[in-house]
$ cat work_14.txt   # compact mmCIF, C-alpha atoms
# COMPACT_ATOMS: atom_id res chain seq x y z
CA MET P 1 2.40 19.88 16.14
CA TYR P 2 -0.26 17.23 16.64
CA GLN P 3 1.36 13.79 16.73
CA VAL P 4 0.09 11.07 14.41
CA ASP P 5 1.69 7.84 13.25
CA MET P 6 3.47 8.69 10.02
CA VAL P 7 6.72 7.94 8.19
CA LYS P 8 8.43 10.09 5.55
CA ILE P 9 10.67 8.35 3.01
CA ASP P 10 13.73 9.99 1.47
CA ALA P 11 13.55 8.34 -1.96
CA ALA P 12 16.96 9.61 -3.08
CA ARG P 13 18.69 8.02 -0.07
CA GLN P 14 16.58 4.89 0.26
CA GLN P 15 18.97 1.93 0.20
CA GLU P 16 17.01 -0.84 1.94
CA PHE P 17 15.26 -3.30 -0.35
CA ARG P 18 12.33 -3.57 2.09
CA LEU P 19 11.26 -0.78 4.43
CA PRO P 20 8.42 -1.76 6.81
CA MET P 21 6.17 1.23 7.50
CA LEU P 22 4.01 1.79 10.58
CA PRO P 23 4.00 -1.84 11.74
CA GLY P 24 1.11 -2.62 14.06
CA ALA P 25 -0.80 0.58 13.28
CA ILE P 26 -3.74 -1.30 11.75
CA PRO P 27 -4.53 -4.83 12.97
CA GLY P 28 -4.09 -7.40 10.22
CA ALA P 29 -2.28 -5.03 7.84
CA GLU P 30 1.43 -4.87 7.02
CA THR P 31 2.74 -2.20 4.66
CA SER P 32 6.26 -2.03 3.21
CA LEU P 33 8.06 0.03 0.60
CA LEU P 34 10.04 -2.17 -1.80
CA THR P 35 12.88 -0.66 -3.85
CA LEU P 36 14.19 -2.77 -6.73
CA ASP P 37 17.34 -1.60 -8.49
CA ALA P 38 17.57 -2.14 -12.25
CA GLY P 39 17.96 -5.83 -13.06
CA LYS P 40 16.68 -7.03 -9.69
CA ALA P 41 13.69 -9.34 -9.23
CA TYR P 42 11.26 -9.93 -6.37
CA THR P 43 8.97 -12.93 -5.94
CA ARG P 44 6.28 -13.30 -3.28
CA GLU P 45 4.77 -16.70 -2.64
CA PRO P 46 1.10 -16.87 -1.59
CA GLU P 47 0.23 -17.27 2.07
CA ALA P 48 -2.93 -18.79 3.48
CA ASP P 49 -5.70 -16.31 4.32
CA LYS P 50 -3.68 -13.30 3.14
CA ALA P 51 -3.99 -10.95 0.19
CA PHE P 52 -1.04 -9.06 -1.30
CA ILE P 53 -1.77 -5.73 -2.95
CA TYR P 54 0.94 -3.89 -4.87
CA LEU P 55 0.99 -0.24 -5.91
CA THR P 56 3.89 0.71 -8.17
CA ILE P 57 5.05 4.30 -7.69
CA ASP P 58 7.66 4.71 -10.42
CA GLY P 59 10.00 2.75 -12.68
CA LYS P 60 9.90 0.34 -15.63
CA PHE P 61 9.32 -3.31 -14.76
CA ARG P 62 7.79 -6.65 -15.70
CA PHE P 63 4.99 -8.23 -13.66
CA HIS P 64 4.09 -11.92 -13.76
CA ALA P 65 1.34 -13.80 -11.94
CA GLY P 66 -1.00 -16.49 -13.25
CA ARG P 67 -1.53 -15.96 -16.98
CA VAL P 68 -0.43 -12.32 -16.88
CA ASN P 69 3.11 -11.44 -17.92
CA ILE P 70 3.45 -7.79 -18.91
CA ALA P 71 6.14 -5.13 -19.23
CA VAL P 72 4.92 -1.67 -18.20
CA GLU P 73 6.05 1.47 -16.40
CA GLY P 74 4.65 3.89 -13.87
CA ARG P 75 1.67 3.57 -11.56
CA TYR P 76 -0.33 0.35 -11.50
CA VAL P 77 -2.15 -1.83 -8.99
CA PHE P 78 -1.52 -5.58 -9.00
CA ILE P 79 -3.26 -8.19 -6.84
CA PRO P 80 -2.27 -11.84 -7.31
CA GLY P 81 -4.88 -14.47 -6.53
CA PRO P 82 -4.85 -16.53 -3.32
CA ASP P 83 -2.78 -19.31 -4.96
CA GLN P 84 -0.64 -17.20 -7.32
CA PRO P 85 3.02 -16.29 -6.76
CA ALA P 86 3.79 -12.74 -7.89
CA GLU P 87 7.05 -11.67 -9.54
CA PHE P 88 8.41 -8.23 -10.35
CA GLN P 89 11.52 -7.72 -12.49
CA ALA P 90 12.89 -4.17 -12.52
CA VAL P 91 14.10 -2.74 -15.84
CA THR P 92 14.89 0.59 -14.17
CA ARG P 93 14.85 1.39 -10.46
CA THR P 94 11.31 0.59 -9.35
CA ARG P 95 9.51 1.47 -6.13
CA LEU P 96 6.31 -0.17 -4.97
CA LEU P 97 4.13 -0.49 -1.92
CA GLU P 98 3.40 -4.02 -0.75
CA ILE P 99 0.29 -4.27 1.40
CA CYS P 100 -0.30 -7.59 3.12
CA TRP P 101 -3.85 -7.90 4.44
CA GLU P 102 -5.15 -10.74 6.59
CA ILE P 103 -8.52 -11.72 5.16
CA PRO P 104 -11.32 -11.45 7.77
CA PRO P 105 -12.27 -14.92 9.08
CA ASP P 106 -15.87 -14.76 7.80
CA SER P 107 -14.63 -14.05 4.23
CA ARG P 108 -11.82 -16.59 3.90
CA ASN P 109 -13.87 -19.24 2.10
CA GLU P 110 -15.04 -16.59 -0.36
CA TRP P 111 -11.42 -15.49 -0.96
CA LYS P 112 -10.13 -19.06 -1.42
CA SER P 113 -12.97 -20.12 -3.72
CA GLY P 114 -12.38 -17.44 -6.34
CA ALA P 115 -15.78 -15.86 -5.75
CA CYS P 116 -14.18 -12.40 -5.56
CA GLY P 117 -13.37 -12.39 -9.29
CA ALA P 118 -10.57 -13.17 -11.75
CA PHE P 119 -6.95 -12.81 -10.65
CA PRO P 120 -4.42 -11.43 -10.98
CA TYR P 121 -6.16 -8.08 -10.79
CA VAL P 122 -4.34 -5.45 -12.84
CA GLN P 123 -5.38 -1.79 -12.94
CA GLU P 124 -3.47 1.04 -14.55
CA TYR P 125 -3.70 4.01 -12.21
CA ILE P 126 -4.64 6.68 -14.75
CA THR P 127 -7.52 4.62 -16.18
CA SER P 128 -9.12 3.83 -12.81
CA THR P 129 -12.85 4.55 -12.50
CA GLN P 130 -13.47 8.10 -11.32
CA TYR P 131 -16.06 8.78 -8.63
CA ARG P 132 -17.64 11.61 -6.69
CA ASP P 133 -18.55 11.90 -3.04
CA LYS P 134 -20.08 14.63 -0.93
CA ASN P 135 -16.86 15.49 0.93
CA LYS P 136 -14.97 16.62 -2.17
CA SER P 137 -15.35 19.62 -4.46
CA ASP P 138 -16.34 19.44 -8.14
CA LYS P 139 -12.73 20.30 -8.95
CA THR P 140 -11.31 17.20 -7.26
CA ILE P 141 -10.59 14.01 -9.22
CA SER P 142 -11.17 10.84 -7.20
CA ARG P 143 -10.21 7.42 -8.52
CA GLU P 144 -11.22 3.92 -7.40
CA MET P 145 -8.18 1.71 -7.88
CA VAL P 146 -9.47 -1.32 -5.94
CA ARG P 147 -13.21 -1.29 -5.44
CA GLN P 148 -14.73 -2.92 -2.36
CA ARG P 149 -15.51 -6.66 -2.80
CA ILE P 150 -12.43 -7.44 -4.89
CA VAL P 151 -10.44 -8.22 -1.73
CA PRO P 152 -12.66 -8.83 1.32
CA GLY P 153 -12.34 -6.01 3.83
CA PHE P 154 -10.11 -3.87 1.60
CA CYS P 155 -10.33 -1.07 -0.93
CA MET P 156 -8.05 1.65 -2.25
CA GLY P 157 -8.35 4.86 -4.25
CA SER P 158 -6.86 8.28 -4.78
CA VAL P 159 -7.59 11.98 -4.48
CA GLU P 160 -6.07 14.58 -6.81
CA SER P 161 -6.47 18.33 -7.06
CA TYR P 162 -4.58 21.64 -7.00
CA GLY P 163 -4.78 24.51 -4.52
CA TYR P 164 -6.88 25.92 -3.39
CA ASP P 165 -9.08 22.93 -2.65
CA LYS P 166 -10.30 21.00 0.36
CA VAL P 167 -11.65 17.58 1.33
CA ALA P 168 -14.23 18.36 4.00
CA GLN P 169 -13.61 16.83 7.41
CA HIS P 170 -15.57 13.66 8.08
CA PRO P 171 -15.37 10.59 10.36
CA HIS P 172 -15.73 6.91 9.48
CA PRO P 173 -15.30 4.74 12.58
CA MET P 174 -16.02 1.58 10.54
CA LEU P 175 -12.98 2.10 8.25
CA ASP P 176 -9.35 2.01 9.39
CA GLN P 177 -7.23 4.00 6.97
CA PHE P 178 -3.76 4.86 5.72
CA PHE P 179 -2.91 7.79 3.47
CA PHE P 180 0.09 7.41 1.15
CA SER P 181 1.27 10.49 -0.73
CA PHE P 182 2.72 10.42 -4.22
CA PRO P 183 6.06 12.30 -4.51
CA GLU P 184 4.36 15.46 -5.84
CA ASN P 185 1.88 15.73 -2.97
CA ASP P 186 2.04 18.80 -0.65
CA VAL P 187 -0.99 19.20 1.63
CA ASP P 188 -2.16 19.62 5.21
CA VAL P 189 -4.14 16.76 6.72
CA LEU P 190 -6.85 18.03 9.06
CA ILE P 191 -7.38 15.76 12.07
CA ASP P 192 -9.95 17.00 14.57
CA ASP P 193 -8.66 20.50 15.50
CA PHE P 194 -5.11 20.07 14.15
CA LYS P 195 -3.24 20.45 10.85
CA VAL P 196 -0.57 17.88 10.00
CA PRO P 197 1.68 18.69 7.00
CA MET P 198 1.99 15.75 4.58
CA LYS P 199 4.47 16.03 1.73
CA GLY P 200 5.46 13.38 -0.81
CA ASP P 201 6.46 9.78 -0.09
CA THR P 202 4.71 9.71 3.28
CA LEU P 203 2.54 7.04 4.88
CA LEU P 204 0.15 8.36 7.53
CA HIS P 205 -2.36 6.54 9.73
CA ILE P 206 -5.67 8.34 10.11
CA PRO P 207 -6.72 7.80 13.75
CA LEU P 208 -9.80 5.57 13.76
CA GLY P 209 -12.96 7.62 14.24
CA SER P 210 -11.21 10.99 13.93
CA ASN P 211 -12.81 13.90 12.09
CA HIS P 212 -10.35 14.21 9.22
CA GLY P 213 -9.97 16.03 5.91
CA VAL P 214 -7.29 17.51 3.64
CA GLU P 215 -6.46 21.05 2.54
CA VAL P 216 -4.19 22.10 -0.33
CA LEU P 217 -2.98 25.68 -0.77
CA GLU P 218 -2.30 27.41 -4.07
CA PRO P 219 -0.30 26.40 -6.16
CA ASN P 220 0.40 23.05 -4.47
CA HIS P 221 -0.61 19.62 -5.76
CA MET P 222 -2.87 17.28 -3.79
CA HIS P 223 -2.24 13.69 -4.86
CA TYR P 224 -2.52 10.90 -2.33
CA ILE P 225 -3.81 7.36 -1.93
CA TRP P 226 -6.34 6.29 0.66
CA ILE P 227 -6.07 2.66 1.77
CA ASP P 228 -9.09 1.32 3.67
CA PHE P 229 -9.42 -1.76 5.86
CA PHE P 230 -12.80 -2.76 7.27
CA LEU P 231 -14.73 -5.58 8.92
CA GLY P 232 -18.39 -6.38 8.37
CA GLN P 233 -21.25 -4.85 6.45
CA ALA P 234 -20.95 -1.31 7.86
CA GLY P 235 -17.81 -0.61 5.84
CA LEU P 236 -19.37 -1.90 2.63
CA ASP P 237 -22.50 0.17 3.21
CA ARG P 238 -20.42 3.30 3.78
CA LEU P 239 -18.42 2.81 0.60
CA ASP P 240 -21.43 1.83 -1.52
CA SER P 241 -23.30 4.94 -0.47
CA SER P 242 -20.46 7.47 -0.74
CA HIS P 243 -18.61 6.45 -3.92
CA LYS P 244 -20.64 7.29 -7.01
CA PRO P 245 -18.96 6.69 -10.42
CA THR P 246 -19.02 9.77 -12.64
CA GLY P 247 -18.87 7.98 -15.98
CA GLN P 248 -16.20 10.49 -17.02
CA MET P 249 -12.40 10.48 -17.36
CA ARG P 250 -11.10 13.90 -16.34
CA SER P 251 -7.49 15.00 -15.97
CA PHE P 252 -5.58 18.12 -14.96
$ encode --input "work_14.txt" --output "structure tokens"
Amino acid sequence: MYQVDMVKIDAARQQEFRLPMLPGAIPGAETSLLTLDAGKAYTREPEADKAFIYLTIDGKFRFHAGRVNIAVEGRYVFIPGPDQPAEFQAVTRTRLLEICWEIPPDSRNEWKSGACGAFPYVQEYITSTQYRDKNKSDKTISREMVRQRIVPGFCMGSVESYGYDKVAQHPHPMLDQFFFSFPENDVDVLIDDFKVPMKGDTLLHIPLGSNHGVEVLEPNHMHYIWIDFFLGQAGLDRLDSSHKPTGQMRSF
């Protein structure tokens, strides 16, 4: 099998509070899986020139940053502002991705000044804006969870469908990318001339510049997150041109 950088998590056996995943795969990015048992809390203090992006995978919990203090459950995105501590308190066992991204040097003043918008940013997964792009079928549901320009050099979204379906192979040498699969995901990632199976709870690094896509066979579920990191205008131009909001809210 073609070898790519990837890590598969056994959620049932996961005991570590923090599990670093693919350290060093993408310059400036650190990704960890955090597992909070019921009653446990986690606080992250802000760090200069860094953004912290959180994707909750499952569980009931309370989130607090700035003026936001909410009790919710399930899949959400949270981004505290550059000067805001973030706190999670687990009501039931809660799993979340923590993505630490070093803000590109030419965007640090913009990030510090608050020009990127109001924080903390909170987005419920299921209500994220849906978009279309030319590489996906009409059947596929694509969601923008963190649109470009909210965090400089970063954006994140998802792809959902059922077999048979396919994301056409395509390159983007200006975007470095992780895929993270929700537990129900069961697909093959196409990288150049190879197929790489990707089941649930997996983080995979898409080799920069590779011709990549995704295929899902019947009756399997395709449901994964793409996490993009980019420098300069080329990444913004690519995302602006390829992600077109549908104005609809579809579901399977």
$ closest_residue --input "work_14.txt" --among "P:Met198, P:Val151, P:Leu231, P:Met249" --to "P:Ile126" --atoms "all atoms listed in the file"
P:Met249
$ residues_near_point --input "work_14.txt" --point "(-6.7, 8.5, -1.5)" --cutoff "9 Å" --atoms "all atoms listed in the file" --output "MDAnalysis selection string"
chainID P and resid 142:144 156:160 178:181 223:227
$ residues_around --input "work_14.txt" --residues "stretch 9-11 of chain P" --least-positions-apart "3" --cutoff "10 Å" --atoms "only C-alpha atoms" --output "list in words"
Gln14, Gln15, Leu19, Met21, Leu33, Thr35, Arg95, Pro183, Lys199, Gly200, Asp201, Thr202 and Leu203 of chain P
$ atom_distance --input "work_14.txt" --atom1 "atom CA of P:Thr129" --atom2 "atom CA of P:Ala29"
24.8 Å
$ residues_around --input "work_14.txt" --residues "stretch 72-87 of chain P" --least-positions-apart "5" --cutoff "7 Å" --atoms "all atoms listed in the file" --output "PyMOL selection string"
chain P and resi 42-46+51-66+112+119-125
$ closest_residue --input "work_14.txt" --among "P:Leu34, P:Ala234, P:Ala25, P:Ala168" --to "P:Val214" --atoms "only C-alpha atoms"
P:Ala168
$ decode --input "work_14.txt" --residues "stretch 15-30 of chain P" --atoms "all heavy atoms" --output "PDB file, in the first residue's frame"
ATOM      1  N   GLN P  15      -6.808   6.475  26.151  1.00  0.00           N
ATOM      2  CA  GLN P  15      -6.691   6.825  27.560  1.00  0.00           C
ATOM      3  C   GLN P  15      -5.959   8.145  27.785  1.00  0.00           C
ATOM      4  O   GLN P  15      -6.185   8.816  28.786  1.00  0.00           O
ATOM      5  CB  GLN P  15      -5.963   5.712  28.320  1.00  0.00           C
ATOM      6  CG  GLN P  15      -6.668   4.361  28.271  1.00  0.00           C
ATOM      7  CD  GLN P  15      -8.029   4.387  28.943  1.00  0.00           C
ATOM      8  OE1 GLN P  15      -8.218   5.037  29.966  1.00  0.00           O
ATOM      9  NE2 GLN P  15      -8.989   3.684  28.358  1.00  0.00           N
ATOM     10  N   GLU P  16      -5.069   8.521  26.860  1.00  0.00           N
ATOM     11  CA  GLU P  16      -4.301   9.745  27.034  1.00  0.00           C
ATOM     12  C   GLU P  16      -5.217  10.962  26.933  1.00  0.00           C
ATOM     13  O   GLU P  16      -6.108  11.029  26.080  1.00  0.00           O
ATOM     14  CB  GLU P  16      -3.221   9.861  25.959  1.00  0.00           C
ATOM     15  CG  GLU P  16      -2.200   8.733  25.961  1.00  0.00           C
ATOM     16  CD  GLU P  16      -1.256   8.850  24.784  1.00  0.00           C
ATOM     17  OE1 GLU P  16      -0.409   9.767  24.800  1.00  0.00           O
ATOM     18  OE2 GLU P  16      -1.381   8.030  23.866  1.00  0.00           O
ATOM     19  N   PHE P  17      -4.978  11.939  27.801  1.00  0.00           N
ATOM     20  CA  PHE P  17      -5.731  13.185  27.712  1.00  0.00           C
ATOM     21  C   PHE P  17      -5.400  13.914  26.409  1.00  0.00           C
ATOM     22  O   PHE P  17      -6.280  14.406  25.717  1.00  0.00           O
ATOM     23  CB  PHE P  17      -5.406  14.070  28.916  1.00  0.00           C
ATOM     24  CG  PHE P  17      -5.652  15.528  28.667  1.00  0.00           C
ATOM     25  CD1 PHE P  17      -6.942  15.995  28.472  1.00  0.00           C
ATOM     26  CD2 PHE P  17      -4.601  16.424  28.592  1.00  0.00           C
ATOM     27  CE1 PHE P  17      -7.178  17.339  28.218  1.00  0.00           C
ATOM     28  CE2 PHE P  17      -4.824  17.763  28.349  1.00  0.00           C
ATOM     29  CZ  PHE P  17      -6.118  18.219  28.162  1.00  0.00           C
ATOM     30  N   ARG P  18      -4.117  13.987  26.070  1.00  0.00           N
ATOM     31  CA  ARG P  18      -3.679  14.665  24.847  1.00  0.00           C
ATOM     32  C   ARG P  18      -2.896  13.689  23.984  1.00  0.00           C
ATOM     33  O   ARG P  18      -1.919  13.093  24.435  1.00  0.00           O
ATOM     34  CB  ARG P  18      -2.808  15.877  25.171  1.00  0.00           C
ATOM     35  CG  ARG P  18      -2.212  16.561  23.925  1.00  0.00           C
ATOM     36  CD  ARG P  18      -1.258  17.673  24.296  1.00  0.00           C
ATOM     37  NE  ARG P  18      -1.958  18.761  24.943  1.00  0.00           N
ATOM     38  CZ  ARG P  18      -2.584  19.742  24.296  1.00  0.00           C
ATOM     39  NH1 ARG P  18      -2.589  19.761  22.977  1.00  0.00           N
ATOM     40  NH2 ARG P  18      -3.181  20.706  24.959  1.00  0.00           N
ATOM     41  N   LEU P  19      -3.303  13.551  22.721  1.00  0.00           N
ATOM     42  CA  LEU P  19      -2.603  12.701  21.775  1.00  0.00           C
ATOM     43  C   LEU P  19      -2.138  13.549  20.602  1.00  0.00           C
ATOM     44  O   LEU P  19      -2.934  13.908  19.728  1.00  0.00           O
ATOM     45  CB  LEU P  19      -3.519  11.580  21.278  1.00  0.00           C
ATOM     46  CG  LEU P  19      -2.912  10.627  20.246  1.00  0.00           C
ATOM     47  CD1 LEU P  19      -1.750   9.840  20.837  1.00  0.00           C
ATOM     48  CD2 LEU P  19      -3.972   9.683  19.693  1.00  0.00           C
ATOM     49  N   PRO P  20      -0.840  13.941  20.555  1.00  0.00           N
ATOM     50  CA  PRO P  20      -0.340  14.678  19.388  1.00  0.00           C
ATOM     51  C   PRO P  20      -0.429  13.801  18.139  1.00  0.00           C
ATOM     52  O   PRO P  20      -0.146  12.602  18.186  1.00  0.00           O
ATOM     53  CB  PRO P  20       1.118  14.976  19.750  1.00  0.00           C
ATOM     54  CG  PRO P  20       1.181  14.825  21.240  1.00  0.00           C
ATOM     55  CD  PRO P  20       0.197  13.755  21.581  1.00  0.00           C
ATOM     56  N   MET P  21      -0.816  14.415  17.020  1.00  0.00           N
ATOM     57  CA  MET P  21      -1.004  13.655  15.787  1.00  0.00           C
ATOM     58  C   MET P  21      -0.214  14.293  14.649  1.00  0.00           C
ATOM     59  O   MET P  21      -0.344  15.491  14.381  1.00  0.00           O
ATOM     60  CB  MET P  21      -2.493  13.580  15.434  1.00  0.00           C
ATOM     61  CG  MET P  21      -3.316  12.834  16.461  1.00  0.00           C
ATOM     62  SD  MET P  21      -5.007  12.498  15.901  1.00  0.00           S
ATOM     63  CE  MET P  21      -5.645  14.143  15.786  1.00  0.00           C
ATOM     64  N   LEU P  22       0.619  13.495  14.018  1.00  0.00           N
ATOM     65  CA  LEU P  22       1.437  13.888  12.874  1.00  0.00           C
ATOM     66  C   LEU P  22       2.240  15.158  13.140  1.00  0.00           C
ATOM     67  O   LEU P  22       2.214  16.115  12.351  1.00  0.00           O
ATOM     68  CB  LEU P  22       0.570  14.055  11.621  1.00  0.00           C
ATOM     69  CG  LEU P  22      -0.256  12.838  11.190  1.00  0.00           C
ATOM     70  CD1 LEU P  22      -0.955  13.120   9.860  1.00  0.00           C
ATOM     71  CD2 LEU P  22       0.607  11.595  11.083  1.00  0.00           C
ATOM     72  N   PRO P  23       2.988  15.198  14.241  1.00  0.00           N
ATOM     73  CA  PRO P  23       3.805  16.384  14.520  1.00  0.00           C
ATOM     74  C   PRO P  23       4.826  16.620  13.418  1.00  0.00           C
ATOM     75  O   PRO P  23       5.462  15.685  12.927  1.00  0.00           O
ATOM     76  CB  PRO P  23       4.479  16.044  15.850  1.00  0.00           C
ATOM     77  CG  PRO P  23       4.425  14.558  15.958  1.00  0.00           C
ATOM     78  CD  PRO P  23       3.174  14.136  15.266  1.00  0.00           C
ATOM     79  N   GLY P  24       4.954  17.870  13.013  1.00  0.00           N
ATOM     80  CA  GLY P  24       5.934  18.245  11.999  1.00  0.00           C
ATOM     81  C   GLY P  24       5.499  18.030  10.575  1.00  0.00           C
ATOM     82  O   GLY P  24       6.227  18.382   9.649  1.00  0.00           O
ATOM     83  N   ALA P  25       4.303  17.466  10.359  1.00  0.00           N
ATOM     84  CA  ALA P  25       3.870  17.178   8.983  1.00  0.00           C
ATOM     85  C   ALA P  25       3.625  18.452   8.186  1.00  0.00           C
ATOM     86  O   ALA P  25       3.915  18.507   6.988  1.00  0.00           O
ATOM     87  CB  ALA P  25       2.611  16.313   8.998  1.00  0.00           C
ATOM     88  N   ILE P  26       3.075  19.477   8.839  1.00  0.00           N
ATOM     89  CA  ILE P  26       2.807  20.757   8.184  1.00  0.00           C
ATOM     90  C   ILE P  26       3.487  21.850   8.994  1.00  0.00           C
ATOM     91  O   ILE P  26       3.185  22.023  10.180  1.00  0.00           O
ATOM     92  CB  ILE P  26       1.290  21.017   8.073  1.00  0.00           C
ATOM     93  CG1 ILE P  26       0.642  19.985   7.143  1.00  0.00           C
ATOM     94  CG2 ILE P  26       1.030  22.436   7.554  1.00  0.00           C
ATOM     95  CD1 ILE P  26      -0.857  20.148   6.969  1.00  0.00           C
ATOM     96  N   PRO P  27       4.413  22.597   8.401  1.00  0.00           N
ATOM     97  CA  PRO P  27       5.121  23.641   9.149  1.00  0.00           C
ATOM     98  C   PRO P  27       4.151  24.647   9.759  1.00  0.00           C
ATOM     99  O   PRO P  27       3.236  25.135   9.097  1.00  0.00           O
ATOM    100  CB  PRO P  27       6.004  24.298   8.077  1.00  0.00           C
ATOM    101  CG  PRO P  27       6.201  23.232   7.038  1.00  0.00           C
ATOM    102  CD  PRO P  27       4.911  22.468   7.010  1.00  0.00           C
ATOM    103  N   GLY P  28       4.348  24.933  11.039  1.00  0.00           N
ATOM    104  CA  GLY P  28       3.524  25.914  11.727  1.00  0.00           C
ATOM    105  C   GLY P  28       2.237  25.388  12.301  1.00  0.00           C
ATOM    106  O   GLY P  28       1.499  26.130  12.961  1.00  0.00           O
ATOM    107  N   ALA P  29       1.920  24.101  12.082  1.00  0.00           N
ATOM    108  CA  ALA P  29       0.656  23.527  12.544  1.00  0.00           C
ATOM    109  C   ALA P  29       0.923  22.388  13.525  1.00  0.00           C
ATOM    110  O   ALA P  29       1.783  21.539  13.279  1.00  0.00           O
ATOM    111  CB  ALA P  29      -0.162  23.008  11.367  1.00  0.00           C
ATOM    112  N   GLU P  30       0.179  22.383  14.620  1.00  0.00           N
ATOM    113  CA  GLU P  30       0.222  21.299  15.592  1.00  0.00           C
ATOM    114  C   GLU P  30      -1.210  20.834  15.830  1.00  0.00           C
ATOM    115  O   GLU P  30      -2.082  21.640  16.146  1.00  0.00           O
ATOM    116  CB  GLU P  30       0.836  21.769  16.914  1.00  0.00           C
ATOM    117  CG  GLU P  30       2.260  22.270  16.794  1.00  0.00           C
ATOM    118  CD  GLU P  30       2.766  22.856  18.107  1.00  0.00           C
ATOM    119  OE1 GLU P  30       2.067  22.695  19.141  1.00  0.00           O
ATOM    120  OE2 GLU P  30       3.825  23.487  18.106  1.00  0.00           O
TER     121      GLU P  30
END
